[in-house]
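Chemist: Input model_20.tsv, format and content: TSV, C-alpha atoms.
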chain	number	residue	atom	x	y	z
A	1	MET	CA	16.59	6.00	-13.93
A	2	ASP	CA	20.21	5.03	-14.44
A	3	SER	CA	22.24	8.05	-15.29
A	4	ALA	CA	25.94	8.47	-15.81
A	5	ASN	CA	28.27	9.00	-12.89
A	6	GLY	CA	28.96	12.57	-11.99
A	7	SER	CA	28.24	14.50	-8.86
A	8	GLU	CA	25.88	16.93	-10.63
A	9	GLU	CA	23.66	14.19	-11.91
A	10	ASP	CA	23.71	12.39	-8.58
A	11	ALA	CA	22.54	15.50	-6.85
A	12	LEU	CA	19.85	15.98	-9.49
A	13	TRP	CA	18.33	12.57	-9.07
A	14	GLY	CA	17.98	12.57	-5.29
A	15	ASN	CA	18.15	8.84	-4.90
A	16	ASP	CA	15.15	7.07	-3.48
A	17	ASP	CA	16.69	3.94	-1.96
A	18	ASP	CA	18.88	4.05	1.07
A	19	GLY	CA	21.59	6.64	1.48
A	20	GLY	CA	23.15	7.20	-1.93
A	21	GLN	CA	23.87	3.56	-2.82
A	22	TRP	CA	23.47	2.81	-6.51
A	23	SER	CA	22.51	-0.81	-5.89
A	24	HIS	CA	19.72	-0.98	-8.47
A	25	GLN	CA	19.99	-4.68	-8.79
A	26	ASP	CA	18.99	-5.61	-5.24
A	27	LEU	CA	16.52	-2.94	-4.16
A	28	PRO	CA	13.51	-2.36	-6.39
A	29	ASN	CA	13.50	1.17	-7.60
A	30	ASP	CA	10.23	3.00	-7.06
A	31	VAL	CA	9.85	3.41	-10.80
A	32	GLU	CA	10.17	-0.33	-11.32
A	33	VAL	CA	7.63	-0.97	-8.61
A	34	LEU	CA	5.21	1.49	-10.14
A	35	LYS	CA	5.67	-0.10	-13.54
A	36	ARG	CA	4.92	-3.52	-12.12
A	37	ILE	CA	1.90	-2.32	-10.17
A	38	TRP	CA	0.59	-0.61	-13.30
A	39	ARG	CA	1.02	-3.75	-15.37
A	40	ASN	CA	-0.76	-5.84	-12.75
A	41	GLU	CA	-3.63	-3.41	-12.59
A	42	LYS	CA	-3.90	-3.34	-16.38
A	43	SER	CA	-4.11	-7.10	-16.75
A	44	ALA	CA	-6.30	-7.93	-13.78
A	45	PRO	CA	-10.04	-8.10	-14.44
A	46	GLU	CA	-10.94	-6.74	-11.03
A	47	ILE	CA	-9.65	-3.69	-9.23
A	48	LEU	CA	-6.58	-4.31	-7.07
A	49	GLY	CA	-5.48	-2.57	-3.90
A	50	TYR	CA	-4.53	1.09	-4.00
A	51	GLU	CA	-0.85	1.58	-3.30
A	52	THR	CA	-1.09	4.74	-1.21
A	53	LEU	CA	2.50	4.77	0.00
A	54	LEU	CA	3.96	4.12	-3.42
A	55	VAL	CA	1.92	6.86	-5.03
A	56	GLU	CA	2.95	9.29	-2.30
A	57	ARG	CA	6.61	8.46	-2.72
A	58	VAL	CA	6.43	8.77	-6.49
A	59	ARG	CA	4.77	12.14	-6.27
A	60	GLU	CA	7.39	13.41	-3.84
A	61	GLN	CA	10.04	12.16	-6.19
A	62	ILE	CA	8.50	13.92	-9.15
A	63	ALA	CA	8.27	17.17	-7.21
A	64	LEU	CA	11.90	16.81	-6.16
A	65	MET	CA	13.00	16.12	-9.70
A	66	GLU	CA	11.14	19.10	-11.06
A	67	GLU	CA	12.63	21.36	-8.39
A	68	ASN	CA	16.10	20.15	-9.18
A	69	LEU	CA	15.46	20.61	-12.84
A	70	ALA	CA	14.46	24.21	-12.35
A	71	ALA	CA	17.43	24.82	-10.09
A	72	TYR	CA	19.95	23.29	-12.49
A	73	ALA	CA	18.40	24.72	-15.61
A	74	GLU	CA	21.29	27.00	-16.46
A	75	SER	CA	24.26	24.85	-15.52
A	76	LEU	CA	23.37	21.90	-17.76
A	77	ASP	CA	23.31	21.93	-21.52
A	78	ASP	CA	20.14	21.50	-23.51
A	79	VAL	CA	20.52	17.81	-24.26
A	80	MET	CA	20.89	16.83	-20.62
A	81	LEU	CA	18.02	19.11	-19.69
A	82	SER	CA	15.70	17.52	-22.20
A	83	LEU	CA	16.75	14.06	-21.05
A	84	PHE	CA	15.86	14.86	-17.46
A	85	GLU	CA	12.64	16.48	-18.55
A	86	MET	CA	11.78	13.39	-20.54
A	87	ASP	CA	12.35	11.27	-17.48
A	88	VAL	CA	9.99	13.40	-15.43
A	89	ASN	CA	7.43	13.15	-18.22
A	90	ARG	CA	7.67	9.41	-18.40
A	91	LEU	CA	7.28	9.04	-14.65
A	92	MET	CA	4.23	11.28	-14.73
A	93	PHE	CA	2.88	9.16	-17.54
A	94	LEU	CA	3.23	6.01	-15.43
A	95	LEU	CA	1.41	7.59	-12.55
A	96	ARG	CA	-1.37	8.95	-14.73
A	97	ALA	CA	-1.79	5.65	-16.56
A	98	TYR	CA	-2.09	3.79	-13.27
A	99	LEU	CA	-4.75	6.16	-11.98
A	100	ARG	CA	-6.58	6.10	-15.30
A	101	VAL	CA	-6.76	2.30	-15.39
A	102	ARG	CA	-8.22	2.29	-11.90
A	103	LEU	CA	-10.74	4.97	-12.78
A	104	SER	CA	-11.93	3.05	-15.82
A	105	LYS	CA	-12.43	-0.08	-13.73
A	106	ILE	CA	-14.30	1.90	-11.11
A	107	GLU	CA	-16.58	3.37	-13.77
A	108	LYS	CA	-17.29	-0.03	-15.23
A	109	PHE	CA	-17.99	-1.88	-12.01
A	110	ALA	CA	-19.10	0.97	-9.74
A	111	LEU	CA	-22.27	-0.66	-8.42
A	112	HIS	CA	-20.56	-3.97	-7.78
A	113	ILE	CA	-17.67	-2.33	-5.98
A	114	MET	CA	-20.04	-0.39	-3.79
A	115	ARG	CA	-21.86	-3.45	-2.59
A	116	THR	CA	-18.74	-5.57	-1.96
A	117	ALA	CA	-16.92	-4.40	1.16
A	118	GLU	CA	-13.65	-6.06	0.18
A	119	LEU	CA	-13.52	-4.20	-3.13
A	120	TRP	CA	-14.69	-0.93	-1.61
A	121	ASP	CA	-11.74	-1.04	0.78
A	122	ARG	CA	-9.37	-1.26	-2.16
A	123	LEU	CA	-10.27	2.26	-3.25
A	124	SER	CA	-8.53	5.38	-2.03
A	125	ALA	CA	-10.66	7.97	-0.27
A	126	GLN	CA	-10.85	10.18	-3.35
A	127	GLU	CA	-11.73	7.21	-5.52
A	128	GLN	CA	-14.55	6.30	-3.15
A	129	GLU	CA	-15.95	9.80	-3.44
A	130	TYR	CA	-15.65	9.64	-7.19
A	131	ALA	CA	-17.35	6.24	-7.32
A	132	GLN	CA	-20.25	7.52	-5.24
A	133	LYS	CA	-20.67	10.59	-7.42
A	134	PHE	CA	-20.43	8.54	-10.58
A	135	VAL	CA	-23.15	6.15	-9.43
A	136	ASP	CA	-25.37	9.10	-8.51
A	137	VAL	CA	-24.81	10.81	-11.84
A	138	LEU	CA	-25.43	7.65	-13.83
A	139	SER	CA	-28.56	6.63	-11.94
A	140	LYS	CA	-30.00	10.12	-12.21
A	141	HIS	CA	-29.40	10.01	-15.96
A	142	MET	CA	-31.02	6.59	-16.31
A	143	HIS	CA	-33.98	7.60	-14.18
A	144	ASP	CA	-34.61	10.80	-16.05
A	145	SER	CA	-34.41	9.23	-19.44
A	146	VAL	CA	-35.79	5.71	-19.12
A	147	LEU	CA	-36.70	4.46	-15.70
A	148	GLY	CA	-38.85	7.38	-14.68
A	149	LYS	CA	-41.21	6.62	-17.51
A	150	LEU	CA	-41.68	2.98	-16.53
A	151	GLU	CA	-44.06	1.46	-14.02
A	152	LYS	CA	-43.05	1.39	-10.37
A	153	ALA	CA	-42.33	-2.33	-10.48
A	154	TYR	CA	-39.79	-1.93	-13.24
A	155	ASP	CA	-38.07	1.29	-12.37
A	156	SER	CA	-35.04	-0.04	-10.55
A	157	MET	CA	-31.64	0.21	-12.15
A	158	VAL	CA	-30.31	-2.78	-10.27
A	159	LYS	CA	-33.25	-5.19	-10.43
A	160	GLN	CA	-34.92	-6.32	-13.59
A	161	ALA	CA	-38.35	-6.23	-11.98
A	162	ALA	CA	-39.63	-5.89	-8.46
A	163	SER	CA	-40.19	-9.62	-8.48
A	164	SER	CA	-36.49	-10.39	-9.01
A	165	GLU	CA	-35.01	-11.82	-5.89
A	166	GLU	CA	-31.70	-10.07	-5.98
A	167	ASN	CA	-30.03	-7.20	-7.74
A	168	ASP	CA	-29.47	-9.00	-10.99
A	169	MET	CA	-28.59	-6.12	-13.26
A	170	ILE	CA	-25.26	-5.23	-11.70
A	171	VAL	CA	-22.19	-5.81	-13.87
A	172	GLU	CA	-19.59	-7.98	-12.22
A	173	PRO	CA	-15.99	-8.37	-13.33
A	174	GLN	CA	-15.27	-11.64	-15.10
A	175	LEU	CA	-12.95	-13.41	-12.73
A	176	ASP	CA	-12.58	-16.46	-14.92
A	177	THR	CA	-10.74	-14.78	-17.77
A	178	TYR	CA	-7.27	-15.96	-18.61
A	179	VAL	CA	-4.27	-13.87	-17.69
A	180	PHE	CA	-0.58	-14.17	-18.38
A	181	CYS	CA	1.42	-14.40	-15.23
A	182	ARG	CA	5.02	-14.84	-14.33
A	183	SER	CA	5.95	-16.49	-11.08
A	184	LYS	CA	8.57	-14.69	-9.07
A	185	THR	CA	9.25	-17.26	-6.41
A	186	ALA	CA	8.93	-21.02	-6.39
A	187	VAL	CA	5.49	-21.70	-5.04
A	188	GLY	CA	5.71	-25.36	-5.85
A	189	SER	CA	2.66	-27.35	-6.63
A	190	PHE	CA	-0.41	-25.15	-6.81
A	191	GLN	CA	-3.95	-26.36	-7.00
A	192	LEU	CA	-5.97	-24.81	-9.76
A	193	ASP	CA	-9.28	-26.42	-9.01
A	194	ASP	CA	-11.30	-27.12	-5.93
A	195	LYS	CA	-11.57	-30.72	-6.99
A	196	GLY	CA	-7.81	-31.09	-6.84
A	197	ASP	CA	-7.68	-32.25	-10.45
A	198	GLU	CA	-5.27	-29.79	-11.87
A	199	THR	CA	-2.09	-28.81	-10.20
A	200	VAL	CA	0.55	-26.57	-11.63
A	201	ASP	CA	4.15	-26.43	-10.57
A	202	LEU	CA	5.15	-22.82	-10.24
A	203	MET	CA	8.88	-22.42	-10.65
A	204	PRO	CA	10.51	-19.01	-10.56
A	205	ASN	CA	10.50	-16.92	-13.74
A	206	ASP	CA	8.14	-19.14	-15.65
A	207	LEU	CA	5.41	-17.66	-17.79
A	208	TYR	CA	1.91	-19.13	-17.52
A	209	ILE	CA	-1.54	-18.54	-18.91
A	210	LEU	CA	-4.03	-19.32	-16.19
A	211	ARG	CA	-7.52	-18.43	-15.19
A	212	TYR	CA	-7.53	-15.40	-12.95
A	213	ARG	CA	-9.70	-16.75	-10.15
A	214	PRO	CA	-7.33	-19.35	-8.70
A	215	VAL	CA	-4.28	-17.09	-8.82
A	216	ARG	CA	-5.92	-14.13	-7.10
A	217	GLY	CA	-4.53	-15.19	-3.76
A	218	LEU	CA	-1.00	-15.51	-5.11
A	219	LEU	CA	-1.20	-12.03	-6.56
A	220	GLY	CA	-1.99	-10.72	-3.11
A	221	THR	CA	1.08	-12.31	-1.59
A	222	ASP	CA	3.21	-10.99	-4.43
A	223	SER	CA	4.45	-14.42	-5.55
A	224	ILE	CA	3.35	-13.80	-9.11
A	225	GLU	CA	3.00	-10.80	-11.32
A	226	LEU	CA	0.64	-10.30	-14.23
A	227	VAL	CA	2.05	-9.46	-17.60
B	1	MET	CA	-47.20	-12.65	-11.30
B	2	GLU	CA	-46.01	-14.57	-8.28
B	3	LYS	CA	-49.56	-15.11	-7.16
B	4	MET	CA	-50.41	-16.71	-10.46
B	5	GLN	CA	-47.35	-18.90	-10.32
B	6	GLY	CA	-48.28	-19.94	-6.80
B	7	GLU	CA	-51.80	-20.89	-7.75
B	8	ASN	CA	-50.65	-23.18	-10.48
B	9	GLU	CA	-48.06	-25.06	-8.52
B	10	ASP	CA	-49.84	-28.36	-8.87
B	11	GLY	CA	-49.46	-28.00	-12.63
B	12	GLN	CA	-53.10	-28.48	-13.48
B	13	ILE	CA	-54.51	-26.59	-16.38
B	14	SER	CA	-57.11	-24.18	-15.19
B	15	SER	CA	-58.66	-21.07	-16.59
B	16	ALA	CA	-56.08	-18.95	-14.77
B	17	ASP	CA	-53.40	-20.57	-16.95
B	18	GLU	CA	-54.48	-18.73	-20.05
B	19	ASN	CA	-53.93	-15.43	-18.35
B	20	TYR	CA	-50.74	-16.68	-16.80
B	21	ASN	CA	-49.05	-17.36	-20.11
B	22	GLY	CA	-50.16	-14.05	-21.53
B	23	ALA	CA	-48.97	-12.24	-18.44
B	24	LEU	CA	-45.67	-14.08	-18.55
B	25	ILE	CA	-45.03	-13.09	-22.14
B	26	HIS	CA	-46.00	-9.51	-21.40
B	27	HIS	CA	-43.71	-9.44	-18.36
B	28	GLN	CA	-40.78	-10.89	-20.24
B	29	SER	CA	-41.19	-8.50	-23.12
B	30	ILE	CA	-41.30	-5.55	-20.73
B	31	LEU	CA	-38.06	-6.79	-19.23
B	32	ARG	CA	-36.49	-7.17	-22.64
B	33	ASN	CA	-37.55	-3.70	-23.71
B	34	LYS	CA	-36.22	-2.28	-20.48
B	35	ARG	CA	-32.88	-4.00	-20.98
B	36	CYS	CA	-32.66	-2.78	-24.57
B	37	LEU	CA	-33.45	0.79	-23.61
B	38	LEU	CA	-30.99	0.79	-20.75
B	39	ALA	CA	-28.30	-0.79	-22.92
B	40	TYR	CA	-28.79	1.90	-25.55
B	41	MET	CA	-28.63	4.76	-23.03
B	42	TYR	CA	-25.68	3.17	-21.24
B	43	HIS	CA	-23.78	2.74	-24.49
B	44	ARG	CA	-24.38	6.38	-25.37
B	45	ALA	CA	-23.27	7.42	-21.91
B	46	ASN	CA	-20.06	5.44	-22.41
B	47	ARG	CA	-19.38	7.21	-25.72
B	48	LEU	CA	-19.93	10.55	-24.00
B	49	GLN	CA	-17.50	9.60	-21.26
B	50	ARG	CA	-14.87	8.74	-23.83
B	51	LEU	CA	-15.47	12.04	-25.61
B	52	ARG	CA	-14.90	13.86	-22.36
B	53	TRP	CA	-11.49	12.21	-22.03
B	54	GLN	CA	-10.54	12.98	-25.60
B	55	LEU	CA	-11.85	16.48	-26.01
B	56	GLY	CA	-11.92	18.03	-22.58
B	57	ALA	CA	-14.73	19.57	-20.61
B	58	VAL	CA	-16.38	21.45	-23.45
B	59	LEU	CA	-18.20	19.48	-26.11
B	60	PRO	CA	-18.35	20.72	-29.69
B	61	GLU	CA	-21.67	22.19	-30.78
B	62	ASP	CA	-22.47	19.53	-33.34
B	63	VAL	CA	-22.29	16.87	-30.66
B	64	LYS	CA	-24.34	18.91	-28.21
B	65	GLU	CA	-27.33	19.18	-30.48
B	66	LEU	CA	-27.53	15.39	-30.80
B	67	LEU	CA	-28.00	14.87	-27.07
B	68	HIS	CA	-31.08	14.24	-24.97
B	69	PRO	CA	-31.41	16.89	-22.20
B	70	SER	CA	-30.66	14.39	-19.49
B	71	GLU	CA	-27.53	13.42	-21.42
B	72	LYS	CA	-26.41	17.04	-21.34
B	73	GLU	CA	-26.92	16.96	-17.56
B	74	PHE	CA	-24.99	13.70	-17.41
B	75	VAL	CA	-22.06	15.15	-19.33
B	76	LYS	CA	-21.97	18.20	-17.09
B	77	SER	CA	-22.10	16.27	-13.82
B	78	TYR	CA	-19.69	13.61	-15.05
B	79	SER	CA	-17.24	16.29	-16.07
B	80	GLU	CA	-17.62	17.95	-12.67
B	81	ALA	CA	-17.06	14.70	-10.80
B	82	LEU	CA	-13.98	14.00	-12.92
B	83	SER	CA	-12.44	17.43	-12.49
B	84	SER	CA	-13.07	17.44	-8.75
B	85	TYR	CA	-11.28	14.08	-8.52
B	86	MET	CA	-8.38	15.43	-10.56
B	87	THR	CA	-8.04	18.60	-8.52
B	88	LYS	CA	-8.10	16.59	-5.29
B	89	LEU	CA	-5.17	14.62	-6.58
B	90	ASP	CA	-3.65	17.63	-8.27
B	91	ILE	CA	-2.87	15.64	-11.41
B	92	ASP	CA	-4.41	16.17	-14.81
B	93	LEU	CA	-5.28	12.68	-15.96
B	94	ALA	CA	-6.39	13.53	-19.47
B	95	VAL	CA	-2.96	14.38	-20.88
B	96	ASP	CA	-0.36	11.87	-21.96
B	97	ILE	CA	-2.65	9.16	-23.23
B	98	THR	CA	0.28	7.64	-25.13
B	99	PRO	CA	3.71	7.34	-23.57
B	100	PRO	CA	5.73	10.43	-24.46
B	101	LYS	CA	8.79	9.74	-26.57
B	102	ASP	CA	10.08	13.27	-26.60
B	103	PRO	CA	9.64	16.23	-24.34
B	104	TYR	CA	9.29	18.41	-27.40
B	105	ILE	CA	6.89	17.88	-30.23
B	106	GLN	CA	6.46	19.35	-33.67
B	107	VAL	CA	3.09	20.86	-34.31
B	108	ARG	CA	1.37	22.47	-37.24
B	109	VAL	CA	-1.07	25.26	-36.65
B	110	LEU	CA	-4.55	24.75	-38.07
B	111	ASN	CA	-6.18	28.07	-37.41
B	112	ASN	CA	-4.95	31.56	-36.96
B	113	ILE	CA	-4.73	32.10	-33.27
B	114	GLY	CA	-2.42	35.06	-33.10
B	115	GLU	CA	-0.10	35.54	-30.19
B	116	VAL	CA	0.12	32.67	-27.72
B	117	LEU	CA	2.33	32.31	-24.70
B	118	LEU	CA	4.42	29.18	-25.26
B	119	GLY	CA	6.96	28.49	-22.54
B	120	ASP	CA	8.60	31.82	-21.87
B	121	GLN	CA	8.20	33.31	-25.30
B	122	SER	CA	5.07	34.41	-27.02
B	123	THR	CA	4.92	33.17	-30.58
B	124	SER	CA	2.47	34.24	-33.18
B	125	LEU	CA	0.66	31.19	-34.52
B	126	VAL	CA	-0.08	31.68	-38.17
B	127	ARG	CA	-1.97	29.04	-40.09
B	128	ASN	CA	0.17	26.15	-41.41
B	129	SER	CA	3.28	27.24	-39.57
B	130	ILE	CA	5.34	24.59	-37.81
B	131	HIS	CA	6.59	24.98	-34.27
B	132	PHE	CA	8.73	22.99	-31.91
B	133	VAL	CA	7.02	23.19	-28.56
B	134	LYS	CA	6.96	21.41	-25.24
B	135	ARG	CA	4.57	18.49	-25.02
B	136	SER	CA	2.61	19.73	-22.04
B	137	GLU	CA	1.71	23.01	-23.71
B	138	ALA	CA	0.94	21.41	-27.03
B	139	GLU	CA	-1.43	18.84	-25.51
B	140	THR	CA	-4.07	21.31	-24.38
B	141	LEU	CA	-4.02	23.09	-27.70
B	142	ILE	CA	-4.14	19.83	-29.65
B	143	SER	CA	-7.16	18.59	-27.73
B	144	GLN	CA	-8.94	21.84	-28.51
B	145	GLY	CA	-8.25	21.22	-32.16
B	146	LEU	CA	-6.11	24.26	-32.75
B	147	LEU	CA	-2.89	22.41	-33.49
B	148	GLU	CA	-2.09	19.08	-34.97
B	149	GLU	CA	0.92	16.89	-34.66
B	150	PHE	CA	3.29	17.23	-37.54
B	151	THR	CA	4.63	13.88	-38.70
B	152	GLY	CA	7.16	13.82	-41.52
Written as structure tokens, that's how I'd like the structure from this file.
Modeler:
Amino acid sequence: MDSANGSEEDALWGNDDDGGQWSHQDLPNDVEVLKRIWRNEKSAPEILGYETLLVERVREQIALMEENLAAYAESLDDVMLSLFEMDVNRLMFLLRAYLRVRLSKIEKFALHIMRTAELWDRLSAQEQEYAQKFVDVLSKHMHDSVLGKLEKAYDSMVKQAASSEENDMIVEPQLDTYVFCRSKTAVGSFQLDDKGDETVDLMPNDLYILRYRPVRGLLGTDSIELV
Amino acid sequence: MEKMQGENEDGQISSADENYNGALIHHQSILRNKRCLLAYMYHRANRLQRLRWQLGAVLPEDVKELLHPSEKEFVKSYSEALSSYMTKLDIDLAVDITPPKDPYIQVRVLNNIGEVLLGDQSTSLVRNSIHFVKRSEAETLISQGLLEEFTG
């Protein structure tokens, strides 16, 4: 969101970092943050935490931008108008894409998320409702079409047979897939394996391809980002 | 099944063994059939979900007649769950599947629709006419199949 200097455009953008300073280099712009969060969510095999505050801020910003756009509609010429409109559209796209990626992961791993408290907490309240409804809808469909016609011992959607010891038909995300990640800070020597065999030196701004499982923790502390 | 396995723990061949092997094969084949059936239904359900995202809440007739009744129920309830989630958030998630390059888009009209309210002006959409409209308005009409994107 860098626009030219000019008091009209400044007023239109309603800056999101502190008091009117155009210091884009030091403070991460909300748009940049959203882009990064979206990219992380896209590349990660499991669902990551829901960024409530960020989403709230972005939505406020979009509303503000649209208001300003409507207010300034006459005083700016068509080209500028369409540029600002395009910016609003692209921001909306980012937000929608982020929510869509999360929804698709929820749909894929709904049963697993519901039984793992840590993952369940990563969902927003509306997503939790949606996950519950989705599981209900899917299990009703499966029961009506297939499972209802089978014997009692075999009619569970989560267990192969009543004699299975645990719920073995639940899909789990593959945490051992490889992901591209870029390290943001120098973490130094990082152990990839429990046996201590492989260590990787993580220097800032280096690109790596690693298995997802060991770097999960680093993703949480924001020392790396997925590409 | 478990009882039979328990009885034969000492590994000696006895007359119960003959039944055990037969029962085991029967059990495993039931499991395999169950998994195949569920995989088939699940795969179909996934296709239906994708259709919902592409086409919107109403399915075309020729798809509807290919569905099992419980699939029709599934589509309805899935669509409801999805739209209730979207209204709670107040964002329509089905538009903008690809990043928009332009706020305006050129579209060609496929069927005669007559007068439609586009933006602030109502334009009459005659077949094969080309219009320059805003993306957001074009998207709903495109997903219904009334317009198509005009490229070059």
Chemist: Got a sec to pull out which chain A residues are within 6 Å of chain B, counting all atoms listed in the file, and send them as number ranges by chain?
Modeler: A: 86, 96, 141
Chemist: Rounded to one decimal, what separation in Å do you get between CA of Glu148 in chain B and CA of Asp87 in chain A?
Modeler: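 Value for the CA of Glu148 in chain B-CA of Asp87 in chain A distance: 24.0 Å.
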Chemist: Edge lengths and centre in Å to one decimal, as AutoDock Vina command-line options, of the axis-aligned box that encloses all listed atoms of range 35-47 of chain A with 8 Å added on every side?
Modeler:
--center_x -2.6 --center_y -4.1 --center_z -13.0 --size_x 32.6 --size_y 24.0 --size_z 23.5
Chemist: CA of Glu165 in chain A and CA of Ala117 in chain A are how many Å apart?
Modeler: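 Straight-line distance from CA of Glu165 in chain A to CA of Ala117 in chain A works out to 20.8 Å.
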Chemist: Point out the residue among B:Ser79, B:Arg127, B:Glu139, B:Phe132 with the least atom-to-atom distance to Ile105 in chain B, counting all atoms listed in the file.
Modeler: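 The closest residue to Ile105 in chain B is B:Phe132.
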Chemist: Just want the 12 Å neighbourhood of Asp222 in chain A, counted on all atoms listed in the file, with same-chain residues fewer than 2 positions away dropped. Output as a list of chain:residue names.
Modeler: A:Val33, A:Arg36, A:Ile37, A:Asn40, A:Cys181, A:Arg182, A:Ser183, A:Lys184, A:Thr185, A:Ala186, A:Val187, A:Val215, A:Arg216, A:Gly217, A:Leu218, A:Leu219, A:Gly220, A:Ile224, A:Glu225, A:Leu226
Chemist: Mind checking which residues fall within 8 Å of Leu146 in chain B, counting all atoms listed in the file, ignoring those fewer than 5 positions away in the same chain, and posting them as a list in words?
Modeler: Val109, Leu110, Asn111, Ile113 and Leu141 of chain B
Chemist: Suppose you want the space between CA of Arg102 in chain A and CA of Met142 in chain A; what is it in Å?
Modeler: 23.6 Å
